[in-house]
Amino acid sequence: MRRTRAAVATGTLLAACAGLFAAAPAAQAADSPGFHIQDGRLLDANNKDFVMRGVNHAHTWYPDKTDQALKDIKAKGANTVRVVLGTGDQWTKNDTADVAQVVSECKENRLICVLEAHDTTGYGEAGAAVPLSKAVDYWLSVKDALVGQEKYVLVNIGNEPYGNTNYTAWTDDTKTAIGRLRAAGLDHTLMVDAPNWGQDWSFTMRDNAAGVLASDPDRNVLFDIHMYGVYDTPAEVSDYLNRFTTADLPIVVGEFGDMHSDGNPDEDAIMSTAQSLGIGYMGWSWSGNGSGVEYLDLVQNFDASQLSDWGKRLFDGADGIKATAKESSVFGSTDGGTDPGEETGAGACTVTYRLSDWGSSFNADVTIRNTSNQALDGWKLDFSFSGQQKINSIWNAKATQSGTDVHITPESWTNSIPSGGTVSFGLNGSSTGTNSAPSSFTLDSKSCTTA
């Protein structure tokens with residue numbers, strides 16, 4: 001038997017973080033000036049799916065390392081960096097000028113910048129931690145560095161804002177924090193961390209996420225789960241993440257490692273499940289860990305040539321950053337999709353394949369997004385399974401299968417896909433052996449991007 005959830009993170013995650021540093025609501029309008037949430041997905045300013053593949057960097061404790069660290073993080077293939085900032089309550093305040101410089105360096109390195117206020121870590125249990133209201137005060141004090149950067153910056157309101165004490169206050173406090181930031185004119189995607197030292201073993205965030213999203217007038221909230229010792233089996237990882245995606249609620253794994261003193265997280269399951277569901281992840285952390293958790297360093301002594309075992313796993317391993325990261329289209333990259341209007345013919349598309357696997361059987365939810373500037377009337381989607389999967393039934397579309405090759409055509413009610421619009425269908429199947437998402441899709445014989 002493993003340790004009770006109430007005891008999981010009390011002291012160990014404090015050392016790791018403080019010592020070292022219902023149906024979903026309607027989507028936000030697609031004409032957002034920056035990142036926004038639509039149908040449970042994070043889209044960039046060009047309305048392209050964006051899946052975070054990145055790392056955390058402890059800027060507030062190592063400001064002199066940030067310039068080189070961001071260059072090295074990008075060179076390793078990441079598309080996102082989550083930057084630790086201090087509000088001045090526990091740690092030295094990163095002021096407006098400093099935040100503006102960090103944002104500038106992220107943009108220079110073509111990295112999407114997630115800025116997080118760390119002083120809230122473990123509030124209610126960690127004596128020096130401050131409430132989310134103080135984090136909001138901080139964001140308002142550096143507002144000049146944020147406004148106008150909505151295409152490149154997400155605001156992570158407060159890191160792990162409750163420990164294992166009084167965590168039921170998370171819901172109301174998070175709603176209030178969102179309301180204050182919106183009233184002050186911050187239009188960014190707001191990322192909110194779970195309580196219980198980020199691990200949400202109480203399911204407080206999971207069970208209240210739809211209400212929190214509905215409370216935001218912009219419907220532009222991304223939920224952040226941190227996966228350490230609580231998530232030490234594939235079943236726990238899959239169940240938590242699938243509950244969000246099934247409800248069309250946006251989720252990201254903002255922190256995780258390959259081991260921890262509170263239990264051994266299953267990093268393979270975290271990365272493979274995130275990849276199959278099109279969910280972002282960011283490993284903790286680039287370098288500089290202390291208090292007995294130095295094994296969480298991705299590189300040793302901030303030296304990019306000295307990858308740790310954890311770094312090798314995250315960057316170079318299966319479902320890792322190098323194999324799966326796509327740069328945001330806001331930088332003019334074709335990795336994450338082309339700019340609006342660039343694709344003009346039928347077949348310009350993005351396909352999301354969300355897999356729920358139970359061993360010998362599985363379900364898959366498939367969404368086709370028409371990224372061309374023309375509506376599609378009638379379509380055909382082709383892909384190949386990677387192993388011995390067999391379709392048993394399908395809804396909202398028709399399927400034929402020959403060996404591993406699958407051919408999908410629409411029903412009358414899914415026949416048309418407007419420009420910029422989507423259709424979805426689902427399928428149930430059986431499998432033996434490894435069951436992973438198809439690696440590529442073609443729509444009307446033209447290749448699609450995957451998300």
# chains A, B, ... in the order shown; residues from 1 in each chain; ligands from 1
call {"tool": "residues_around", "arguments": {"residues": "Gly77 in chain A", "least_positions_apart": "6", "cutoff": "7 Å", "atoms": "only C-alpha atoms", "output": "JSON, numbers by chain"}}
result
{"A": [321, 322, 325]}
call {"tool": "closest_atom_pairs", "arguments": {"of": "range 365-408 of chain A", "to": "range 353-357 of chain A", "cutoff": "10 Å", "atoms": "only C-alpha atoms", "output": "CSV"}}
result
residue,atom,partner,partner_atom,distance
A:Asp365,CA,A:Arg354,CA,5.1
A:Val366,CA,A:Tyr353,CA,4.6
A:Thr367,CA,A:Tyr353,CA,6.7
A:Ile368,CA,A:Tyr353,CA,9.0
call {"tool": "write_last_selection", "arguments": {"atoms": "N, CA, C and O atoms", "output": "PDB file, in the first residue's frame"}}
result
ATOM      1  N   ASP A 365     -11.257   9.378 -29.612  1.00  0.00           N
ATOM      2  CA  ASP A 365     -12.012  10.546 -30.059  1.00  0.00           C
ATOM      3  C   ASP A 365     -11.142  11.295 -31.050  1.00  0.00           C
ATOM      4  O   ASP A 365     -10.015  11.701 -30.723  1.00  0.00           O
ATOM      5  N   VAL A 366     -11.642  11.496 -32.262  1.00  0.00           N
ATOM      6  CA  VAL A 366     -10.863  12.090 -33.335  1.00  0.00           C
ATOM      7  C   VAL A 366     -11.527  13.394 -33.773  1.00  0.00           C
ATOM      8  O   VAL A 366     -12.738  13.419 -34.031  1.00  0.00           O
ATOM      9  N   THR A 367     -10.739  14.461 -33.823  1.00  0.00           N
ATOM     10  CA  THR A 367     -11.232  15.761 -34.281  1.00  0.00           C
ATOM     11  C   THR A 367     -10.423  16.208 -35.489  1.00  0.00           C
ATOM     12  O   THR A 367      -9.188  16.188 -35.459  1.00  0.00           O
ATOM     13  N   ILE A 368     -11.116  16.585 -36.555  1.00  0.00           N
ATOM     14  CA  ILE A 368     -10.483  17.131 -37.751  1.00  0.00           C
ATOM     15  C   ILE A 368     -10.752  18.628 -37.784  1.00  0.00           C
ATOM     16  O   ILE A 368     -11.907  19.051 -37.716  1.00  0.00           O
TER      17      ILE A 368
END
call {"tool": "closest_residue", "arguments": {"among": "A:Ser276, A:Asp258, A:Asn159, A:Phe331", "to": "Leu314 in chain A", "atoms": "only C-alpha atoms"}}
result
A:Asp258
call {"tool": "residues_around", "arguments": {"residues": "Gln68 in chain A", "least_positions_apart": "5", "cutoff": "12 Å", "atoms": "only C-alpha atoms", "output": "ChimeraX atom specification"}}
result
/A:57,59,62-63,73-75,102,105-106,108-109,286,302-304
call {"tool": "closest_residue", "arguments": {"among": "A:Leu146, A:Ala78, A:Leu132, A:Ala183", "to": "Trp170 in chain A", "atoms": "only C-alpha atoms"}}
result
A:Leu132
call {"tool": "atom_distance", "arguments": {"atom1": "CA of Thr324 in chain A", "atom2": "CA of Gly40 in chain A"}}
result
20.1 Å
call {"tool": "atom_distance", "arguments": {"atom1": "CA of Asp67 in chain A", "atom2": "CA of Trp310 in chain A"}}
result
22.4 Å
call {"tool": "select_by_dssp", "arguments": {"residues": "range 196-424 of chain A", "states": "strand (DSSP E or B)", "output": "count of residues only"}}
result
69
call {"tool": "residues_around", "arguments": {"residues": "Thr171 in chain A", "least_positions_apart": "5", "cutoff": "9 Å", "atoms": "only C-alpha atoms", "output": "PyMOL selection string"}}
result
chain A and resi 176+204-205+208-209+211-212
call {"tool": "write_last_selection", "arguments": {"atoms": "all heavy atoms", "output": "PDB file, in the first residue's frame"}}
result
ATOM      1  N   THR A 176     -11.788  34.294  -7.628  1.00  0.00           N
ATOM      2  CA  THR A 176     -11.568  35.702  -7.271  1.00  0.00           C
ATOM      3  C   THR A 176     -10.325  36.257  -7.957  1.00  0.00           C
ATOM      4  O   THR A 176     -10.322  37.380  -8.469  1.00  0.00           O
ATOM      5  CB  THR A 176     -11.435  35.842  -5.745  1.00  0.00           C
ATOM      6  OG1 THR A 176     -12.658  35.412  -5.126  1.00  0.00           O
ATOM      7  CG2 THR A 176     -11.158  37.286  -5.350  1.00  0.00           C
ATOM      8  N   THR A 204      -9.799  18.398  -5.922  1.00  0.00           N
ATOM      9  CA  THR A 204     -10.462  19.695  -5.788  1.00  0.00           C
ATOM     10  C   THR A 204     -10.480  20.448  -7.104  1.00  0.00           C
ATOM     11  O   THR A 204     -11.511  20.984  -7.522  1.00  0.00           O
ATOM     12  CB  THR A 204      -9.746  20.530  -4.706  1.00  0.00           C
ATOM     13  OG1 THR A 204      -9.799  19.828  -3.467  1.00  0.00           O
ATOM     14  CG2 THR A 204     -10.400  21.897  -4.553  1.00  0.00           C
ATOM     15  N   MET A 205      -9.344  20.515  -7.787  1.00  0.00           N
ATOM     16  CA  MET A 205      -9.313  21.201  -9.077  1.00  0.00           C
ATOM     17  C   MET A 205     -10.101  20.421 -10.123  1.00  0.00           C
ATOM     18  O   MET A 205     -10.892  20.997 -10.883  1.00  0.00           O
ATOM     19  CB  MET A 205      -7.875  21.404  -9.561  1.00  0.00           C
ATOM     20  CG  MET A 205      -7.783  22.171 -10.882  1.00  0.00           C
ATOM     21  SD  MET A 205      -6.099  22.584 -11.405  1.00  0.00           S
ATOM     22  CE  MET A 205      -5.593  21.006 -12.129  1.00  0.00           C
ATOM     23  N   ASN A 208     -13.868  20.880  -9.747  1.00  0.00           N
ATOM     24  CA  ASN A 208     -14.378  22.251  -9.801  1.00  0.00           C
ATOM     25  C   ASN A 208     -13.876  23.027 -11.015  1.00  0.00           C
ATOM     26  O   ASN A 208     -14.134  24.223 -11.143  1.00  0.00           O
ATOM     27  CB  ASN A 208     -13.988  22.999  -8.516  1.00  0.00           C
ATOM     28  CG  ASN A 208     -14.705  22.444  -7.305  1.00  0.00           C
ATOM     29  OD1 ASN A 208     -15.870  22.735  -7.052  1.00  0.00           O
ATOM     30  ND2 ASN A 208     -14.000  21.625  -6.530  1.00  0.00           N
ATOM     31  N   ALA A 209     -13.161  22.352 -11.908  1.00  0.00           N
ATOM     32  CA  ALA A 209     -12.555  23.042 -13.044  1.00  0.00           C
ATOM     33  C   ALA A 209     -13.599  23.694 -13.948  1.00  0.00           C
ATOM     34  O   ALA A 209     -13.410  24.831 -14.407  1.00  0.00           O
ATOM     35  CB  ALA A 209     -11.694  22.069 -13.851  1.00  0.00           C
ATOM     36  N   GLY A 211     -16.498  24.902 -13.250  1.00  0.00           N
ATOM     37  CA  GLY A 211     -17.015  26.116 -12.632  1.00  0.00           C
ATOM     38  C   GLY A 211     -16.012  27.252 -12.645  1.00  0.00           C
ATOM     39  O   GLY A 211     -16.385  28.421 -12.828  1.00  0.00           O
ATOM     40  N   VAL A 212     -14.743  26.927 -12.457  1.00  0.00           N
ATOM     41  CA  VAL A 212     -13.705  27.955 -12.512  1.00  0.00           C
ATOM     42  C   VAL A 212     -13.614  28.532 -13.924  1.00  0.00           C
ATOM     43  O   VAL A 212     -13.535  29.749 -14.112  1.00  0.00           O
ATOM     44  CB  VAL A 212     -12.348  27.374 -12.057  1.00  0.00           C
ATOM     45  CG1 VAL A 212     -11.213  28.349 -12.356  1.00  0.00           C
ATOM     46  CG2 VAL A 212     -12.388  27.058 -10.567  1.00  0.00           C
TER      47      VAL A 212
END
call {"tool": "closest_atom_pairs", "arguments": {"of": "range 57-166 of chain A", "to": "range 218-238 of chain A", "cutoff": "10 Å", "atoms": "only C-alpha atoms", "output": "Markdown table"}}
result
| residue | atom | partner | partner_atom | distance |
| --- | --- | --- | --- | --- |
| A:Leu154 | CA | A:Leu222 | CA | 9.3 |
| A:Val155 | CA | A:Val221 | CA | 9.8 |
| A:Asn156 | CA | A:Asp224 | CA | 8.7 |
| A:Asn159 | CA | A:Asp224 | CA | 9.4 |
| A:Glu160 | CA | A:His226 | CA | 8.3 |
call {"tool": "closest_residue", "arguments": {"among": "A:Thr87, A:Ser287, A:Thr189, A:Gln306", "to": "Pro250 in chain A", "atoms": "only C-alpha atoms"}}
result
A:Thr189
call {"tool": "residues_around", "arguments": {"residues": "Glu255 in chain A", "least_positions_apart": "2", "cutoff": "10 Å", "atoms": "only C-alpha atoms", "output": "PyMOL selection string"}}
result
chain A and resi 54-56+82+198-199+224-228+252-253+257+281-285
call {"tool": "write_last_selection", "arguments": {"atoms": "C-alpha atoms", "output": "compact mmCIF listing (two decimals), in the first residue's frame"}}
result
# COMPACT_ATOMS: atom_id res chain seq x y z
CA GLY A 54 9.15 22.42 -22.40
CA VAL A 55 10.93 22.79 -19.09
CA ASN A 56 10.88 24.92 -15.96
CA ARG A 82 7.93 28.01 -17.51
CA GLY A 198 0.04 20.95 -7.20
CA GLN A 199 -0.90 17.25 -7.22
CA ASP A 224 -2.11 22.89 -14.43
CA ILE A 225 -1.45 19.57 -12.68
CA HIS A 226 1.96 18.70 -11.17
CA MET A 227 2.72 14.99 -11.33
CA TYR A 228 5.11 13.64 -8.73
CA VAL A 252 -1.32 20.79 -18.94
CA VAL A 253 1.28 18.93 -16.86
CA GLY A 257 10.03 14.42 -12.74
CA TYR A 281 4.02 18.97 -20.44
CA MET A 282 6.98 20.77 -18.86
CA GLY A 283 9.66 18.93 -16.90
CA TRP A 284 11.05 20.22 -13.61
CA SER A 285 13.65 21.67 -14.00
call {"tool": "atom_distance", "arguments": {"atom1": "CA of Thr409 in chain A", "atom2": "CA of Asn392 in chain A"}}
result
15.9 Å
call {"tool": "select_by_dssp", "arguments": {"residues": "range 222-261 of chain A", "states": "helix (DSSP H, G or I)", "output": "PyMOL selection string"}}
result
chain A and resi 234-246
call {"tool": "write_last_selection", "arguments": {"atoms": "C-alpha atoms", "output": "CSV table (one decimal), in the first residue's frame"}}
result
chain,number,residue,atom,x,y,z
A,234,PRO,CA,-0.3,4.5,-15.6
A,235,ALA,CA,-3.9,4.1,-14.4
A,236,GLU,CA,-3.7,7.2,-12.2
A,237,VAL,CA,-2.1,9.3,-14.9
A,238,SER,CA,-4.5,8.3,-17.5
A,239,ASP,CA,-7.6,8.6,-15.4
A,240,TYR,CA,-6.8,12.1,-14.2
A,241,LEU,CA,-5.9,13.5,-17.6
A,242,ASN,CA,-8.7,11.8,-19.5
A,243,ARG,CA,-11.3,13.2,-17.1
A,244,PHE,CA,-10.3,16.7,-18.3
A,245,THR,CA,-10.1,15.9,-22.0
A,246,THR,CA,-13.4,14.0,-22.0
call {"tool": "closest_residue", "arguments": {"among": "A:Leu376, A:Ala364, A:Leu190, A:Ala128", "to": "Lys175 in chain A", "atoms": "only C-alpha atoms"}}
result
A:Leu190
call {"tool": "residues_around", "arguments": {"residues": "Ser272 in chain A", "least_positions_apart": "3", "cutoff": "6 Å", "atoms": "only C-alpha atoms", "output": "list in words"}}
result
Ala269, Gln275 and Asp319 of chain A
call {"tool": "write_last_selection", "arguments": {"atoms": "all heavy atoms", "output": "compact mmCIF listing (two decimals), in the first residue's frame"}}
result
# COMPACT_ATOMS: atom_id res chain seq x y z
N ALA A 269 4.50 6.97 -18.40
CA ALA A 269 3.05 7.09 -18.56
C ALA A 269 2.64 8.55 -18.73
O ALA A 269 1.74 8.86 -19.53
CB ALA A 269 2.33 6.48 -17.36
N GLN A 275 1.16 12.73 -24.83
CA GLN A 275 1.30 12.72 -26.28
C GLN A 275 0.05 12.19 -26.97
O GLN A 275 -0.42 12.75 -27.97
CB GLN A 275 2.53 11.89 -26.67
CG GLN A 275 2.74 11.75 -28.17
CD GLN A 275 3.03 13.07 -28.87
OE1 GLN A 275 3.32 14.08 -28.23
NE2 GLN A 275 2.94 13.08 -30.19
N ASP A 319 8.45 9.72 -26.78
CA ASP A 319 7.46 10.78 -26.49
C ASP A 319 8.12 12.01 -25.87
O ASP A 319 7.45 12.80 -25.20
CB ASP A 319 6.34 10.27 -25.58
CG ASP A 319 5.62 9.07 -26.16
OD1 ASP A 319 5.13 9.19 -27.29
OD2 ASP A 319 5.56 8.01 -25.49
